[in-house]
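Quick look at data_16.cif (mmCIF, C-alpha atoms):
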```cif
data_entry
loop_
_atom_site.label_atom_id
_atom_site.label_comp_id
_atom_site.auth_asym_id
_atom_site.auth_seq_id
_atom_site.Cartn_x
_atom_site.Cartn_y
_atom_site.Cartn_z
CA MET J 1 36.10 20.55 -5.33
CA ILE J 2 32.67 19.49 -6.59
CA VAL J 3 32.66 17.85 -9.97
CA THR J 4 29.50 18.04 -12.04
CA MET J 5 28.61 16.10 -15.14
CA ARG J 6 26.34 17.35 -17.87
CA MET J 7 23.57 14.96 -18.77
CA THR J 8 20.68 15.08 -21.19
CA ILE J 9 17.32 13.62 -20.15
CA SER J 10 14.05 13.37 -22.02
CA LEU J 11 10.78 14.30 -20.34
CA ASP J 12 7.30 14.33 -21.81
CA ASP J 13 5.80 17.80 -22.23
CA HIS J 14 3.47 17.55 -19.25
CA LEU J 15 6.23 16.46 -16.87
CA ALA J 16 8.68 19.07 -18.19
CA THR J 17 6.09 21.78 -17.59
CA GLN J 18 5.53 20.58 -14.03
CA VAL J 19 9.28 20.48 -13.37
CA ARG J 20 9.81 24.01 -14.71
CA ARG J 21 6.86 25.32 -12.70
CA GLU J 22 7.99 23.71 -9.44
CA ALA J 23 11.61 24.81 -9.93
CA ALA J 24 10.47 28.40 -10.51
CA ALA J 25 8.20 28.27 -7.45
CA GLN J 26 11.20 27.23 -5.34
CA GLY J 27 13.46 29.84 -6.94
CA ARG J 28 15.82 27.17 -8.28
CA SER J 29 17.11 26.28 -11.71
CA VAL J 30 15.62 23.25 -13.40
CA SER J 31 18.97 21.45 -13.04
CA ALA J 32 19.18 22.21 -9.31
CA PHE J 33 15.56 21.14 -8.80
CA ILE J 34 16.05 17.80 -10.62
CA ALA J 35 19.33 17.16 -8.78
CA GLY J 36 17.62 17.82 -5.44
CA VAL J 37 14.68 15.57 -6.20
CA LEU J 38 16.96 12.75 -7.37
CA SER J 39 19.23 13.15 -4.35
CA ASP J 40 16.24 12.96 -1.97
CA ALA J 41 14.85 9.91 -3.77
CA LEU J 42 18.17 8.08 -3.62
CA LYS J 43 18.54 8.76 0.13
CA ARG J 44 15.27 7.02 0.94
CA PRO J 45 15.73 3.49 2.21
CA GLU J 46 14.60 0.66 0.02
CA PRO J 47 11.20 -0.67 1.07
CA SER J 48 11.57 -3.79 3.14
CA GLU J 49 10.29 -7.03 1.78
CA VAL J 50 6.56 -7.29 2.36
CA GLN J 51 5.61 -10.21 4.54
CA PRO J 52 3.27 -12.65 2.82
CA PHE J 53 -0.38 -12.36 3.75
CA ARG J 54 -1.56 -15.11 6.07
CA LEU J 55 -5.28 -15.70 6.43
CA VAL J 56 -6.31 -16.83 9.88
CA THR J 57 -9.48 -18.88 9.89
CA VAL J 58 -11.63 -20.47 12.55
CA ARG J 59 -13.33 -23.78 12.48
CA GLY J 60 -16.98 -24.02 11.72
CA SER J 61 -19.35 -26.45 10.15
CA ARG J 62 -20.89 -24.09 7.58
CA PRO J 63 -21.95 -20.49 7.04
CA ARG J 64 -24.91 -19.30 9.06
CA SER J 65 -28.12 -19.79 7.20
CA GLY J 66 -30.16 -16.82 6.10
CA PHE J 67 -27.21 -14.64 5.10
CA ASP J 68 -26.05 -13.74 1.63
CA LEU J 69 -22.25 -13.84 1.82
CA ASP J 70 -22.14 -11.49 -1.17
CA ARG J 71 -23.65 -8.82 1.13
CA PRO J 72 -21.32 -8.68 4.15
CA ARG J 73 -22.87 -5.43 5.41
CA ASP J 74 -25.94 -7.43 6.36
CA LEU J 75 -23.79 -9.30 8.89
CA ASP J 76 -22.52 -5.99 10.32
CA THR J 77 -26.04 -4.65 10.61
CA GLU J 78 -27.31 -7.72 12.45
CA GLU J 79 -24.35 -7.68 14.82
CA ASP J 80 -24.85 -3.97 15.59
CA GLU J 81 -28.56 -4.44 16.19
CA TRP J 82 -27.89 -7.35 18.53
CA THR J 83 -25.11 -5.49 20.41
CA PHE J 84 -26.90 -2.17 20.84
CA ALA J 85 -30.27 -3.72 21.68
CA ARG J 86 -28.54 -5.65 24.45
CA VAL J 87 -26.81 -2.51 25.80
CA ARG J 88 -30.08 -0.52 26.02
CA ARG J 89 -31.73 -3.07 28.30
#
```

Will you turn the file into C-alpha cells for me?
Amino acid sequence: MIVTMRMTISLDDHLATQVRREAAAQGRSVSAFIAGVLSDALKRPEPSEVQPFRLVTVRGSRPRSGFDLDRPRDLDTEEDEWTFARVRR
C-alpha cells in the first residue's frame, strides 16, 4: 500500500507557469510532475568534494622581455608563428 501525504508548496508565478506547462506537455498532473522531479533529484549522488586547485609552476629568472603579460594572446601568436614557420622549411 502506497501512502501519500498532502503538502502545500509556494512557487513564484513564473516557476508555477513553467511547472504547469511541462506537466501538461508530459500528460501528467502537476503533483505527479513535481513528485517525479523531486524523486529524480534525490536519487542523484551528492557531488564529490572538489579537489583544491594546485598551480604548478616552473623556475625562471623573470618574464621574457618585450611581452605584455596583460595580453597573453601575443604569446600564443608568437609561438604559432615560430612553430609553423619552422614546419614549412

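The gap separating atom CA of Leu38 of chain J from atom CA of Asp13 of chain J is 19.3 Å, in Å to one decimal.
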
(request) Compare J:Ile9, J:Ala23, J:Asp68, J:Ser48 by their minimum atom-to-atom distance to Gly36 of chain J, counting only C-alpha atoms, and give me the closest one. (result)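 Nearest candidate to Gly36 of chain J out of J:Ile9, J:Ala23, J:Asp68, J:Ser48: J:Ala23.
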
(request) Take the point (10.0, 27.7, -15.6) as written in the file and pick out every residue within 6 Å of it, counting all atoms listed in the file; give the list as a list in words. (result)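 Nearby residues: Arg20, Arg21 and Ala24 of chain J.
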
(request) Point out the residue among J:Glu78, J:Ala32, J:Pro47, J:Thr57 with the least atom-to-atom distance to Thr4 of chain J, counting all atoms listed in the file. (result)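 So, comparing all the options, the nearest one is J:Ala32.
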
(request) Starting from the shown file, work through the PyMOL selection byres ((chain J and resi 34) around 12) and note down what comes out as a ChimeraX atom specification. (result) /J:7-9,11,15-16,18-20,22-24,26,28-33,35-41

Those same residues - C-alpha atoms - I'd like them written as a JSON list (two decimals), in the coordinates of the input.
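Dumped to out39.json:
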```json
[["chain", "number", "residue", "atom", "x", "y", "z"],
["J", 7, "MET", "CA", 23.57, 14.96, -18.77],
["J", 8, "THR", "CA", 20.68, 15.08, -21.19],
["J", 9, "ILE", "CA", 17.32, 13.62, -20.15],
["J", 11, "LEU", "CA", 10.78, 14.30, -20.34],
["J", 15, "LEU", "CA", 6.23, 16.46, -16.87],
["J", 16, "ALA", "CA", 8.68, 19.07, -18.19],
["J", 18, "GLN", "CA", 5.53, 20.58, -14.03],
["J", 19, "VAL", "CA", 9.28, 20.48, -13.37],
["J", 20, "ARG", "CA", 9.81, 24.01, -14.71],
["J", 22, "GLU", "CA", 7.99, 23.71, -9.44],
["J", 23, "ALA", "CA", 11.61, 24.81, -9.93],
["J", 24, "ALA", "CA", 10.47, 28.40, -10.51],
["J", 26, "GLN", "CA", 11.20, 27.23, -5.34],
["J", 28, "ARG", "CA", 15.82, 27.17, -8.28],
["J", 29, "SER", "CA", 17.11, 26.28, -11.71],
["J", 30, "VAL", "CA", 15.62, 23.25, -13.40],
["J", 31, "SER", "CA", 18.97, 21.45, -13.04],
["J", 32, "ALA", "CA", 19.18, 22.21, -9.31],
["J", 33, "PHE", "CA", 15.56, 21.14, -8.80],
["J", 35, "ALA", "CA", 19.33, 17.16, -8.78],
["J", 36, "GLY", "CA", 17.62, 17.82, -5.44],
["J", 37, "VAL", "CA", 14.68, 15.57, -6.20],
["J", 38, "LEU", "CA", 16.96, 12.75, -7.37],
["J", 39, "SER", "CA", 19.23, 13.15, -4.35],
["J", 40, "ASP", "CA", 16.24, 12.96, -1.97],
["J", 41, "ALA", "CA", 14.85, 9.91, -3.77]]
```
